[in-house]
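Structure data (compact mmCIF, C-alpha atoms) from structure.txt:
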# COMPACT_ATOMS: atom_id res chain seq x y z
CA MET A 236 131.07 -161.24 146.25
CA ARG A 237 133.93 -161.87 148.68
CA GLN A 238 135.63 -158.67 147.52
CA ILE A 239 132.46 -156.70 148.22
CA VAL A 240 132.13 -158.08 151.74
CA ASP A 241 135.82 -157.44 152.46
CA LEU A 242 135.56 -153.88 151.16
CA PHE A 243 132.52 -153.09 153.28
CA CYS A 244 134.13 -154.53 156.42
CA ALA A 245 137.43 -152.75 155.77
CA THR A 246 135.68 -149.43 155.15
CA SER A 247 133.25 -149.55 158.06
CA ASP A 248 135.31 -151.28 160.74
CA GLY A 249 138.79 -152.06 159.42
CA SER A 250 142.10 -150.31 159.73
CA PRO A 251 143.52 -148.03 157.02
CA ASP A 252 145.92 -150.84 156.08
CA ASP A 253 142.97 -153.24 155.67
CA LEU A 254 141.31 -150.78 153.31
CA ARG A 255 144.47 -150.19 151.30
CA ARG A 256 144.92 -153.94 150.83
CA CYS A 257 141.34 -154.23 149.57
CA ILE A 258 141.89 -151.44 147.06
CA ASP A 259 145.19 -152.99 145.93
CA ARG A 260 143.38 -156.29 145.32
CA GLY A 261 141.03 -154.54 142.91
CA CYS A 262 137.95 -154.21 145.13
CA PRO A 263 135.40 -151.76 143.61
CA TRP A 264 136.14 -148.76 145.86
CA ASP A 265 134.33 -146.31 143.55
CA GLU A 266 131.00 -148.10 143.10
CA PRO A 267 127.86 -148.50 145.24
CA ILE A 268 128.11 -151.70 147.25
CA PRO A 269 125.50 -154.20 145.94
CA GLY A 270 123.13 -155.64 148.49
CA MET A 271 123.40 -152.63 150.79
CA PRO A 272 119.98 -151.09 151.50
CA SER A 273 121.54 -147.62 151.24
CA ARG A 274 123.17 -148.25 147.84
CA SER A 275 126.09 -146.20 149.16
CA THR A 276 129.64 -145.96 147.87
CA PRO A 277 132.53 -146.76 150.23
CA ILE A 278 133.21 -143.01 150.65
CA ASN A 279 129.70 -142.50 151.98
CA ILE A 280 129.94 -145.60 154.17
CA ALA A 281 133.18 -144.34 155.74
CA ALA A 282 131.36 -141.13 156.66
CA GLN A 283 128.34 -143.02 158.02
CA TYR A 284 130.55 -145.19 160.24
CA GLN A 285 132.69 -142.17 161.18
CA ARG A 286 136.02 -143.59 160.00
CA PRO A 287 138.01 -140.45 159.10
CA GLU A 288 141.26 -142.23 158.22
CA ASN A 289 139.46 -144.54 155.81
CA LEU A 290 137.44 -141.63 154.47
CA ALA A 291 140.69 -139.77 153.75
CA ILE A 292 142.13 -142.75 151.85
CA LEU A 293 139.02 -142.98 149.67
CA VAL A 294 138.67 -139.26 148.89
CA THR A 295 142.37 -139.02 148.10
CA LYS A 296 142.02 -141.99 145.76
CA ALA A 297 139.02 -140.34 144.08
CA LEU A 298 140.95 -137.12 143.50
CA GLN A 299 144.01 -138.93 142.23
CA GLU A 300 141.84 -140.87 139.77
CA GLY A 301 140.11 -137.71 138.54
CA ARG A 302 136.75 -138.64 140.12
CA PRO A 303 135.81 -135.56 142.22
CA GLU A 304 132.10 -136.36 141.77
CA LEU A 305 132.57 -139.21 144.25
CA LEU A 306 133.03 -136.61 147.00
CA GLU A 307 129.28 -135.99 146.71
CA ALA A 308 128.44 -139.73 146.61
CA PRO A 309 124.89 -139.88 148.03
CA ASP A 310 123.40 -142.17 150.61
CA LEU A 311 120.20 -143.28 148.92
CA SER A 312 118.82 -145.25 151.84
CA ARG A 313 115.10 -145.82 152.02
CA ARG A 314 115.06 -144.10 155.39
CA GLU A 315 116.55 -140.86 154.10
CA ARG A 316 115.10 -140.61 150.59
CA PRO A 317 111.76 -139.14 151.65
CA LEU A 318 113.57 -136.18 153.25
CA ASN A 319 116.37 -135.84 150.73
CA PRO A 320 115.81 -137.66 147.43
CA GLU A 321 119.27 -136.73 146.20
CA GLY A 322 120.78 -138.47 149.18
CA ARG A 323 123.01 -137.26 151.98
CA SER A 324 126.55 -136.42 150.89
CA PRO A 325 129.50 -137.53 153.07
CA ALA A 326 130.03 -133.92 154.22
CA TYR A 327 126.34 -133.62 155.15
CA ILE A 328 126.59 -136.85 157.14
CA ALA A 329 129.73 -135.63 158.94
CA VAL A 330 127.88 -132.55 160.19
CA GLN A 331 124.65 -134.41 160.94
CA LYS A 332 126.57 -136.90 163.08
CA GLY A 333 128.63 -134.18 164.75
CA ASN A 334 132.01 -135.44 163.52
CA PRO A 335 134.49 -132.57 162.97
CA VAL A 336 137.34 -134.86 161.88
CA CYS A 337 135.29 -136.30 159.00
CA LEU A 338 134.18 -132.79 158.08
CA GLY A 339 137.81 -131.69 157.97
CA VAL A 340 138.56 -134.54 155.55
CA MET A 341 135.74 -133.55 153.21
CA ALA A 342 136.53 -129.83 153.38
CA LYS A 343 140.21 -130.37 152.57
CA ALA A 344 139.23 -132.61 149.65
CA GLY A 345 137.11 -129.79 148.21
CA ALA A 346 133.63 -131.22 148.77
CA ASN A 347 130.55 -129.04 148.22
CA LEU A 348 129.91 -127.76 151.73
CA HIS A 349 126.99 -125.63 150.60
CA ARG A 350 125.03 -128.89 150.86
CA ALA A 351 126.35 -129.80 154.29
CA VAL A 352 123.87 -127.88 156.46
CA PRO A 353 121.49 -130.53 157.88
CA HIS A 354 118.21 -129.34 159.35
CA THR A 355 118.14 -132.28 161.78
CA TRP A 356 121.00 -133.57 163.91
CA GLU A 357 121.75 -137.13 164.97
CA VAL A 358 121.94 -137.80 168.69
CA PRO A 359 125.37 -139.36 169.44
CA GLY A 360 125.18 -142.91 170.75
CA SER A 361 121.51 -143.30 169.88
CA PRO A 362 120.84 -146.95 168.96
CA THR A 363 118.09 -145.80 166.60
CA GLN A 364 120.16 -142.95 165.09
CA ALA A 365 117.52 -140.54 166.36
CA LEU A 366 117.29 -137.22 164.50
CA VAL A 367 116.28 -134.10 166.42
CA ASP A 368 115.80 -130.40 165.76
CA PRO A 369 118.91 -128.20 166.13
CA ASP A 370 119.66 -127.57 169.79
CA GLU A 371 122.84 -125.75 170.81
CA GLU A 372 122.51 -126.64 174.48
CA CYS A 373 122.07 -130.39 173.96
CA LEU A 374 124.29 -130.79 170.88
CA PRO A 375 126.97 -128.07 171.07
CA VAL A 376 129.39 -129.84 168.71
CA HIS A 377 126.77 -130.09 165.97
CA CYS A 378 125.97 -126.40 166.42
CA ALA A 379 129.64 -125.44 166.21
CA LEU A 380 130.03 -127.49 163.02
CA VAL A 381 127.03 -125.89 161.32
CA GLU A 382 128.24 -122.41 162.26
CA THR A 383 131.73 -123.22 160.93
CA VAL A 384 130.34 -124.55 157.64
CA MET A 385 128.17 -121.44 157.21
CA SER A 386 131.12 -119.17 157.95
CA PHE A 387 133.30 -121.09 155.47
CA THR A 388 130.83 -121.02 152.58
CA THR A 389 129.92 -117.35 153.05
CA SER A 390 133.29 -115.91 154.20
CA MET A 391 131.21 -114.36 156.98
CA CYS A 392 132.29 -113.68 160.56
CA LEU A 393 131.18 -116.64 162.64
CA SER A 394 130.07 -114.33 165.43
CA CYS A 395 128.61 -111.08 164.06
CA MET A 396 128.01 -112.17 160.42
CA LYS A 397 129.98 -109.28 158.95
CA THR A 398 131.76 -109.92 155.65
CA ASP A 399 134.21 -107.00 155.63
CA SER A 400 137.85 -107.39 156.71
CA VAL A 401 137.44 -110.98 157.91
CA LYS A 402 140.33 -113.36 158.48
CA VAL A 403 140.23 -117.16 158.50
CA CYS A 404 141.01 -119.14 161.65
CA SER A 405 144.70 -120.06 161.63
CA GLN A 406 143.98 -123.61 162.82
CA CYS A 407 140.92 -125.03 161.07
CA LYS A 408 141.15 -122.69 158.03
CA MET A 409 137.34 -122.70 157.82
CA ALA A 410 135.88 -120.25 160.34
CA TYR A 411 136.14 -116.52 159.65
CA PHE A 412 136.31 -113.73 162.22
CA CYS A 413 136.31 -109.96 161.81
CA GLY A 414 138.53 -109.40 164.83
CA ALA A 415 139.85 -110.66 168.13
CA SER A 416 136.73 -109.69 170.06
CA CYS A 417 134.44 -111.82 167.88
CA GLN A 418 136.88 -114.72 167.96
CA LYS A 419 137.03 -114.55 171.75
CA LYS A 420 133.25 -114.37 171.98
CA LYS A 421 132.80 -117.56 169.95
CA TRP A 422 135.87 -119.47 171.09
CA GLN A 423 134.11 -121.53 173.77
CA SER A 424 131.92 -122.97 171.01
CA HIS A 425 134.39 -123.08 168.13
CA LYS A 426 137.15 -124.75 170.15
CA LYS A 427 134.99 -127.88 170.36
CA VAL A 428 135.61 -128.51 166.65
CA CYS A 429 138.55 -126.34 165.54
CA LYS A 430 141.54 -128.62 166.15
CA LYS A 431 139.56 -131.72 165.17
CA ILE A 432 138.71 -130.18 161.80
CA GLN A 433 142.41 -129.45 161.35
CA ARG A 434 143.22 -133.06 162.25
CA GLY A 435 140.87 -134.30 159.55
CA ALA A 436 142.27 -131.85 156.99
CA ASP A 437 145.80 -133.07 157.70
CA LEU A 438 144.73 -136.57 156.62
CA VAL A 439 144.35 -135.27 153.04
CA PRO A 440 147.85 -134.11 152.01
CA LEU A 441 146.98 -133.74 148.33
CA TYR A 442 146.50 -129.96 148.72
CA ASP A 443 148.76 -127.61 150.67
CA ALA A 444 145.90 -125.31 151.63
CA MET A 445 142.18 -125.64 152.28
CA PRO A 446 140.40 -125.30 148.90
CA LYS A 447 138.07 -122.34 148.58
CA PRO A 448 134.38 -123.26 148.36
CA ALA A 449 132.27 -122.51 145.30
CA GLN A 450 130.68 -119.06 145.49
CA PHE A 451 127.16 -120.51 145.59
CA ASP A 452 125.11 -123.58 144.69
CA ASP A 453 123.00 -122.97 141.57
CA THR A 454 120.14 -125.27 142.59
CA GLY A 455 120.34 -124.99 146.36
CA PHE A 456 117.15 -122.96 146.80
CA ILE A 457 113.90 -122.38 144.92
CA SER A 458 113.52 -118.77 143.74
CA PHE A 459 110.88 -116.55 145.27
CA HIS A 460 107.88 -115.53 143.19
CA ASP A 461 107.37 -111.74 143.18
CA THR A 462 103.56 -111.92 143.02
CA VAL A 463 102.66 -115.07 144.97
CA ASP A 464 105.15 -114.67 147.81
CA ASN A 465 104.15 -111.04 148.37
CA ASP A 466 100.40 -111.74 148.35
CA LEU A 467 99.03 -111.23 151.86
CA GLY A 468 95.59 -112.48 150.86
CA LEU A 469 93.80 -109.24 151.73
CA GLU A 470 90.12 -108.81 150.93
CA ASP A 471 88.78 -105.84 149.03
CA GLY A 472 88.90 -102.76 151.20
CA GLU A 473 91.41 -104.17 153.67
CA ARG A 474 94.50 -102.07 154.19
CA GLU A 475 97.92 -103.70 154.22
CA GLU A 476 99.21 -101.70 157.19
CA GLU A 477 96.43 -103.13 159.35
CA TYR A 478 97.64 -106.70 158.82
CA TYR A 479 101.31 -106.40 157.99
CA ASP A 480 103.99 -104.85 160.20
CA ALA A 481 106.61 -103.59 157.75
CA SER A 482 108.91 -102.52 160.59
CA LYS A 483 109.77 -106.15 161.39
CA GLN A 484 111.98 -107.17 158.48
CA TRP A 485 113.51 -110.62 158.04
CA GLU A 486 116.40 -110.91 155.59
CA TYR A 487 118.51 -113.70 154.11
CA TYR A 488 122.08 -113.50 152.86
CA ASP A 489 122.20 -113.96 149.09
CA LEU A 490 125.51 -115.48 148.01
CA ARG A 491 124.91 -114.52 144.38
CA THR A 492 124.83 -110.80 145.16
CA LYS A 493 126.78 -111.04 148.43
CA SER A 494 124.15 -108.90 150.13
CA TRP A 495 121.25 -109.12 152.55
CA ARG A 496 117.86 -109.31 150.84
CA ALA A 497 114.40 -108.93 152.36
CA TYR A 498 112.03 -111.88 152.33
CA PRO A 499 108.80 -111.38 150.36
CA LYS A 500 105.95 -110.02 152.48
CA LYS A 501 103.96 -113.24 152.86
CA ILE A 502 106.96 -115.28 153.97
CA ASN A 503 108.23 -112.42 156.14
CA GLN A 504 104.86 -112.31 157.88
CA GLY A 505 104.98 -116.06 158.52
CA ILE A 506 108.53 -116.00 159.90
CA GLU A 507 107.74 -113.07 162.19
CA GLY A 508 104.46 -114.60 163.36
CA MET A 509 105.98 -117.95 164.26
CA HIS A 510 108.95 -116.21 165.87
CA ASN A 511 106.57 -114.47 168.26
CA LEU A 512 105.02 -117.75 169.39
CA TYR A 513 106.54 -119.00 172.62
CA MET A 514 108.88 -121.99 172.21
CA SER A 515 108.33 -122.28 168.47
CA PRO A 516 111.61 -123.66 167.04
CA ARG A 517 110.98 -123.06 163.35
CA TYR A 518 108.82 -121.77 160.52
CA MET A 519 108.21 -124.01 157.49
CA TYR A 520 107.37 -122.70 154.04
CA LYS A 521 107.63 -123.27 150.32
CA PRO A 522 108.23 -120.35 147.94
CA GLY A 523 106.64 -119.93 144.55
CA PRO A 524 103.19 -120.40 143.01
CA HIS A 525 102.56 -123.73 144.79
CA PHE A 526 103.02 -122.24 148.24
CA ASP A 527 100.59 -123.34 150.93
CA ASP A 528 100.67 -123.72 154.69
CA ALA A 529 102.77 -126.85 155.23
CA VAL A 530 102.96 -126.91 159.02
CA GLY A 531 102.14 -130.39 160.22
CA LYS A 532 102.23 -131.98 156.78
CA GLU A 533 104.11 -135.28 156.77
CA GLU A 534 103.89 -136.41 153.16
CA ARG A 535 107.02 -135.98 151.07
CA GLU A 536 107.60 -136.38 147.34
CA LEU A 537 110.79 -137.54 145.65
CA SER A 538 111.55 -134.14 144.18
CA THR A 539 113.59 -131.09 145.18
CA ASN A 540 110.54 -129.02 144.22
CA PRO A 541 107.58 -130.92 145.72
CA PRO A 542 103.95 -130.05 145.04
CA GLN A 543 101.52 -127.95 147.00
CA ASN A 544 101.21 -128.49 150.79
CA VAL A 545 104.81 -129.72 151.12
CA ALA A 546 107.36 -127.41 152.73
CA THR A 547 110.84 -127.16 151.27
CA ASN A 548 112.33 -124.73 153.79
CA HIS A 549 112.69 -124.77 157.56
CA VAL A 550 113.71 -121.50 159.23
CA TYR A 551 115.30 -122.28 162.61
CA TYR A 552 115.46 -119.40 165.05
CA CYS A 553 118.02 -120.96 167.41
CA HIS A 554 120.89 -120.51 164.96
CA MET A 555 119.22 -118.16 162.44
CA ILE A 556 119.51 -120.37 159.35
CA ASP A 557 117.04 -121.02 156.54
CA HIS A 558 117.43 -124.69 155.53
CA HIS A 559 116.34 -126.25 152.25
CA ILE A 560 115.53 -129.68 153.62
CA TYR A 561 115.75 -131.44 150.24
CA THR A 562 119.13 -130.16 149.03
CA GLY A 563 120.91 -129.79 152.38
CA CYS A 564 121.71 -126.12 151.69
CA GLY A 565 121.47 -123.36 154.27
CA ARG A 566 121.57 -119.58 154.26
CA ARG A 567 122.05 -117.07 157.05
CA ILE A 568 119.09 -114.94 158.15
CA ARG A 569 118.65 -111.93 160.39
CA ARG A 570 115.83 -109.85 161.87
CA ARG A 571 115.82 -106.07 161.63
CA VAL A 572 113.51 -103.53 163.24
CA LEU A 573 113.05 -100.53 160.97
CA PRO A 574 112.11 -97.43 162.97
CA ASP A 575 110.71 -95.45 160.07
CA ALA A 576 108.72 -98.24 158.40
Whole structure, structure tokens version:
Amino acid sequence: MRQIVDLFCATSDGSPDDLRRCIDRGCPWDEPIPGMPSRSTPINIAAQYQRPENLAILVTKALQEGRPELLEAPDLSRRERPLNPEGRSPAYIAVQKGNPVCLGVMAKAGANLHRAVPHTWEVPGSPTQALVDPDEECLPVHCALVETVMSFTTSMCLSCMKTDSVKVCSQCKMAYFCGASCQKKKWQSHKKVCKKIQRGADLVPLYDAMPKPAQFDDTGFISFHDTVDNDLGLEDGEREEEYYDASKQWEYYDLRTKSWRAYPKKINQGIEGMHNLYMSPRYMYKPGPHFDDAVGKEERELSTNPPQNVATNHVYYCHMIDHHIYTGCGRRIRRRVLPDA
């Protein structure tokens, strides 16, 4: 029991030397710490307490021991399980807390950053660890981190979202830009995290270069249903063009096909309708045959595919991202006006 207490203290509040001594004494660095309400591993605890040097020691140890699965070690706290039953990964926590150094550690270690796109952000210094909707003006560092993660996982220009002829930022090795003009346009935001991400990456010397992310996450999103998600619920005799404006097209970027794809009609109508409401930050939906209006619903099930009346996706207009709130995945979206529709 003494080893467990020492390991927790060294990880959460100790120096790197304290942590190394604990590991050398045989403390269980790769197991969930018993008695902790979060049932978290030391890697996850280092991310929660924002200790990048200790986080780097632990992820390096995991890679050296052939345990890359520990990079996704979940936080299974009672507080977070209702929103994410699989738990928050260390990379997810780094972005949610607005810590670019910790994100740099996890990115350099090769963590799955597809699942590091939180739909709520933690207010720095909040004694209650308050979580709020994305807000670029109030939490610019969080916004810059999310944009960098999305650029990294999609190889998409951080500014204009183009994917052709992009080059990676020479400092952080995560953000992509299609040219000097886009880089200049976004520099005021990106500079808040760029060098700090690099600082975190330098703490993991195991790799010479930043590992490339996986092309996509197989289970990151629920597939759309061709019939259900295109059903506008029209009565007999009602004409679609009277209720559905096909000229306003919302699209999401599909990493499988590396192309923009149109949302099904019913979901497109919901996104457009909520977008037109003044001060509406998001649209919530669930694709598939169990879809129902989930706005205002508070119940959550311990499943990545919850039952009817429970939303799985939050579309946030402020940074144009569709979040799967259960898996932590995000995908870029855009709005097009089609003149001939």
(request) Quick one: everything within 12 Å of His558 in chain A, counting all atoms listed in the file, minus sequence neighbours fewer than 3 positions away in the same chain. Send it as a PyMOL selection string. (result) chain A and resi 349-355+368-369+381+385+455-457+487+517-521+546-552+554-555+561-568
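Counting only C-alpha atoms, the residue from A:Pro267, A:Pro359, A:Gly339, A:Pro448 that sits nearest to Leu305 in chain A is A:Pro267.
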(message) Excluding Pro524 in chain A and its own-chain neighbours fewer than 4 positions away, which residues fall within 8 Å of it when counting only C-alpha atoms? Please give them as a count of residues only.
(response) 3
(message) Using all atoms listed in the file, which protein or nucleic acid residues come within 12 Å of Arg256 in chain A? Drop anything in the same chain fewer than 5 positions from it, and give the result as a ChimeraX atom specification.
(response) /A:238,241-242,245-246,249-251,261-262,264,289,292
(request) Tell me, in Å to one decimal, how far CA of Pro446 in chain A is from CA of Lys343 in chain A. (result)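 Those two atoms sit 6.3 Å apart.
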(request) Just the residues within 6 Å of Gly435 in chain A, please, counting only C-alpha atoms, with nothing from its chain fewer than 5 positions along; format it as a list in words. (result)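 Counting only C-alpha atoms, the residues come to Val336, Cys337, Gly339 and Val340 of chain A.
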(message) Neighbouring residues of Lys426 in chain A were defined as those with any atom within 10 Å, considering all atoms listed in the file; residues of the same chain fewer than 5 positions away were excluded. Please report them as an MDAnalysis selection string.
(response) chainID A and resid 376 379 407 421 431
(request) Can you work out the spacing between CA of Leu298 in chain A and CA of Asp259 in chain A in Å, to one decimal? (result) 16.6 Å
(request) Using CA of Ile278 in chain A and CA of Ala308 in chain A as the two end points, give the distance in Å to one decimal. (result)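 Value for the CA of Ile278 in chain A-CA of Ala308 in chain A distance: 7.1 Å.
Shortest atom-to-atom contact with Glu476 in chain A among A:Met445, A:Lys500, A:Ser458, A:Gly523: A:Lys500, counting all atoms listed in the file.
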I need range 442-474 of chain A from the structure I supplied, saved as a PDB file, in the first residue's frame with N, CA and C atoms retained.
ATOM      1  N   TYR A 442      11.472   8.753 -30.411  1.00  0.00           N
ATOM      2  CA  TYR A 442      11.338   8.875 -31.862  1.00  0.00           C
ATOM      3  C   TYR A 442      12.031  10.154 -32.321  1.00  0.00           C
ATOM      4  N   ASP A 443      12.639  10.102 -33.501  1.00  0.00           N
ATOM      5  CA  ASP A 443      13.281  11.294 -34.052  1.00  0.00           C
ATOM      6  C   ASP A 443      12.248  12.282 -34.590  1.00  0.00           C
ATOM      7  N   ALA A 444      11.166  11.760 -35.139  1.00  0.00           N
ATOM      8  CA  ALA A 444      10.146  12.615 -35.748  1.00  0.00           C
ATOM      9  C   ALA A 444       8.787  12.338 -35.125  1.00  0.00           C
ATOM     10  N   MET A 445       7.871  13.274 -35.317  1.00  0.00           N
ATOM     11  CA  MET A 445       6.504  13.103 -34.829  1.00  0.00           C
ATOM     12  C   MET A 445       5.836  11.960 -35.580  1.00  0.00           C
ATOM     13  N   PRO A 446       5.349  10.923 -34.896  1.00  0.00           N
ATOM     14  CA  PRO A 446       4.690   9.806 -35.599  1.00  0.00           C
ATOM     15  C   PRO A 446       3.451  10.276 -36.341  1.00  0.00           C
ATOM     16  N   LYS A 447       3.207   9.692 -37.490  1.00  0.00           N
ATOM     17  CA  LYS A 447       2.006  10.013 -38.254  1.00  0.00           C
ATOM     18  C   LYS A 447       0.783   9.395 -37.581  1.00  0.00           C
ATOM     19  N   PRO A 448      -0.338  10.107 -37.552  1.00  0.00           N
ATOM     20  CA  PRO A 448      -1.544   9.536 -36.941  1.00  0.00           C
ATOM     21  C   PRO A 448      -2.157   8.461 -37.824  1.00  0.00           C
ATOM     22  N   ALA A 449      -2.970   7.601 -37.218  1.00  0.00           N
ATOM     23  CA  ALA A 449      -3.734   6.632 -38.008  1.00  0.00           C
ATOM     24  C   ALA A 449      -4.637   7.382 -38.982  1.00  0.00           C
ATOM     25  N   GLN A 450      -4.944   6.759 -40.115  1.00  0.00           N
ATOM     26  CA  GLN A 450      -5.744   7.446 -41.129  1.00  0.00           C
ATOM     27  C   GLN A 450      -7.138   7.789 -40.621  1.00  0.00           C
ATOM     28  N   PHE A 451      -7.742   6.898 -39.836  1.00  0.00           N
ATOM     29  CA  PHE A 451      -9.054   7.177 -39.255  1.00  0.00           C
ATOM     30  C   PHE A 451      -9.281   6.227 -38.099  1.00  0.00           C
ATOM     31  N   ASP A 452     -10.320   6.493 -37.325  1.00  0.00           N
ATOM     32  CA  ASP A 452     -10.703   5.652 -36.196  1.00  0.00           C
ATOM     33  C   ASP A 452     -11.933   4.845 -36.611  1.00  0.00           C
ATOM     34  N   ASP A 453     -11.805   3.527 -36.602  1.00  0.00           N
ATOM     35  CA  ASP A 453     -12.872   2.663 -37.129  1.00  0.00           C
ATOM     36  C   ASP A 453     -14.216   2.844 -36.424  1.00  0.00           C
ATOM     37  N   THR A 454     -14.177   3.085 -35.123  1.00  0.00           N
ATOM     38  CA  THR A 454     -15.415   3.144 -34.343  1.00  0.00           C
ATOM     39  C   THR A 454     -15.686   4.537 -33.792  1.00  0.00           C
ATOM     40  N   GLY A 455     -15.115   5.547 -34.423  1.00  0.00           N
ATOM     41  CA  GLY A 455     -15.252   6.902 -33.901  1.00  0.00           C
ATOM     42  C   GLY A 455     -16.630   7.505 -34.059  1.00  0.00           C
ATOM     43  N   PHE A 456     -17.357   7.100 -35.120  1.00  0.00           N
ATOM     44  CA  PHE A 456     -18.676   7.656 -35.392  1.00  0.00           C
ATOM     45  C   PHE A 456     -19.651   6.549 -35.792  1.00  0.00           C
ATOM     46  N   ILE A 457     -20.914   6.751 -35.484  1.00  0.00           N
ATOM     47  CA  ILE A 457     -21.974   5.846 -35.920  1.00  0.00           C
ATOM     48  C   ILE A 457     -22.313   6.179 -37.368  1.00  0.00           C
ATOM     49  N   SER A 458     -22.492   5.168 -38.195  1.00  0.00           N
ATOM     50  CA  SER A 458     -22.804   5.382 -39.606  1.00  0.00           C
ATOM     51  C   SER A 458     -24.210   5.947 -39.778  1.00  0.00           C
ATOM     52  N   PHE A 459     -24.386   6.735 -40.812  1.00  0.00           N
ATOM     53  CA  PHE A 459     -25.707   7.252 -41.135  1.00  0.00           C
ATOM     54  C   PHE A 459     -26.556   6.151 -41.768  1.00  0.00           C
ATOM     55  N   HIS A 460     -27.869   6.289 -41.599  1.00  0.00           N
ATOM     56  CA  HIS A 460     -28.818   5.337 -42.164  1.00  0.00           C
ATOM     57  C   HIS A 460     -29.490   6.003 -43.362  1.00  0.00           C
ATOM     58  N   ASP A 461     -29.330   5.411 -44.548  1.00  0.00           N
ATOM     59  CA  ASP A 461     -29.801   6.048 -45.788  1.00  0.00           C
ATOM     60  C   ASP A 461     -31.282   6.403 -45.757  1.00  0.00           C
ATOM     61  N   THR A 462     -32.107   5.527 -45.180  1.00  0.00           N
ATOM     62  CA  THR A 462     -33.553   5.771 -45.172  1.00  0.00           C
ATOM     63  C   THR A 462     -33.966   6.689 -44.027  1.00  0.00           C
ATOM     64  N   VAL A 463     -33.598   6.313 -42.808  1.00  0.00           N
ATOM     65  CA  VAL A 463     -34.044   7.053 -41.616  1.00  0.00           C
ATOM     66  C   VAL A 463     -33.513   8.479 -41.601  1.00  0.00           C
ATOM     67  N   ASP A 464     -32.234   8.657 -41.877  1.00  0.00           N
ATOM     68  CA  ASP A 464     -31.625   9.976 -41.759  1.00  0.00           C
ATOM     69  C   ASP A 464     -31.945  10.893 -42.930  1.00  0.00           C
ATOM     70  N   ASN A 465     -32.604  10.363 -43.945  1.00  0.00           N
ATOM     71  CA  ASN A 465     -33.077  11.199 -45.055  1.00  0.00           C
ATOM     72  C   ASN A 465     -34.583  11.418 -45.015  1.00  0.00           C
ATOM     73  N   ASP A 466     -35.256  10.856 -44.023  1.00  0.00           N
ATOM     74  CA  ASP A 466     -36.711  10.954 -43.914  1.00  0.00           C
ATOM     75  C   ASP A 466     -37.094  12.288 -43.274  1.00  0.00           C
ATOM     76  N   LEU A 467     -37.726  13.146 -44.029  1.00  0.00           N
ATOM     77  CA  LEU A 467     -38.126  14.462 -43.543  1.00  0.00           C
ATOM     78  C   LEU A 467     -39.488  14.438 -42.859  1.00  0.00           C
ATOM     79  N   GLY A 468     -40.111  13.282 -42.791  1.00  0.00           N
ATOM     80  CA  GLY A 468     -41.387  13.166 -42.098  1.00  0.00           C
ATOM     81  C   GLY A 468     -42.531  13.870 -42.794  1.00  0.00           C
ATOM     82  N   LEU A 469     -42.517  13.908 -44.111  1.00  0.00           N
ATOM     83  CA  LEU A 469     -43.568  14.602 -44.860  1.00  0.00           C
ATOM     84  C   LEU A 469     -44.846  13.773 -44.906  1.00  0.00           C
ATOM     85  N   GLU A 470     -45.970  14.457 -44.843  1.00  0.00           N
ATOM     86  CA  GLU A 470     -47.272  13.813 -44.971  1.00  0.00           C
ATOM     87  C   GLU A 470     -47.603  13.597 -46.451  1.00  0.00           C
ATOM     88  N   ASP A 471     -48.548  12.733 -46.691  1.00  0.00           N
ATOM     89  CA  ASP A 471     -48.979  12.493 -48.068  1.00  0.00           C
ATOM     90  C   ASP A 471     -49.415  13.793 -48.735  1.00  0.00           C
ATOM     91  N   GLY A 472     -48.890  14.029 -49.906  1.00  0.00           N
ATOM     92  CA  GLY A 472     -49.256  15.226 -50.650  1.00  0.00           C
ATOM     93  C   GLY A 472     -48.319  16.396 -50.410  1.00  0.00           C
ATOM     94  N   GLU A 473     -47.515  16.344 -49.376  1.00  0.00           N
ATOM     95  CA  GLU A 473     -46.583  17.431 -49.113  1.00  0.00           C
ATOM     96  C   GLU A 473     -45.366  17.300 -50.029  1.00  0.00           C
ATOM     97  N   ARG A 474     -44.908  18.421 -50.522  1.00  0.00           N
ATOM     98  CA  ARG A 474     -43.781  18.429 -51.438  1.00  0.00           C
ATOM     99  C   ARG A 474     -42.495  18.775 -50.689  1.00  0.00           C
TER     100      ARG A 474
END
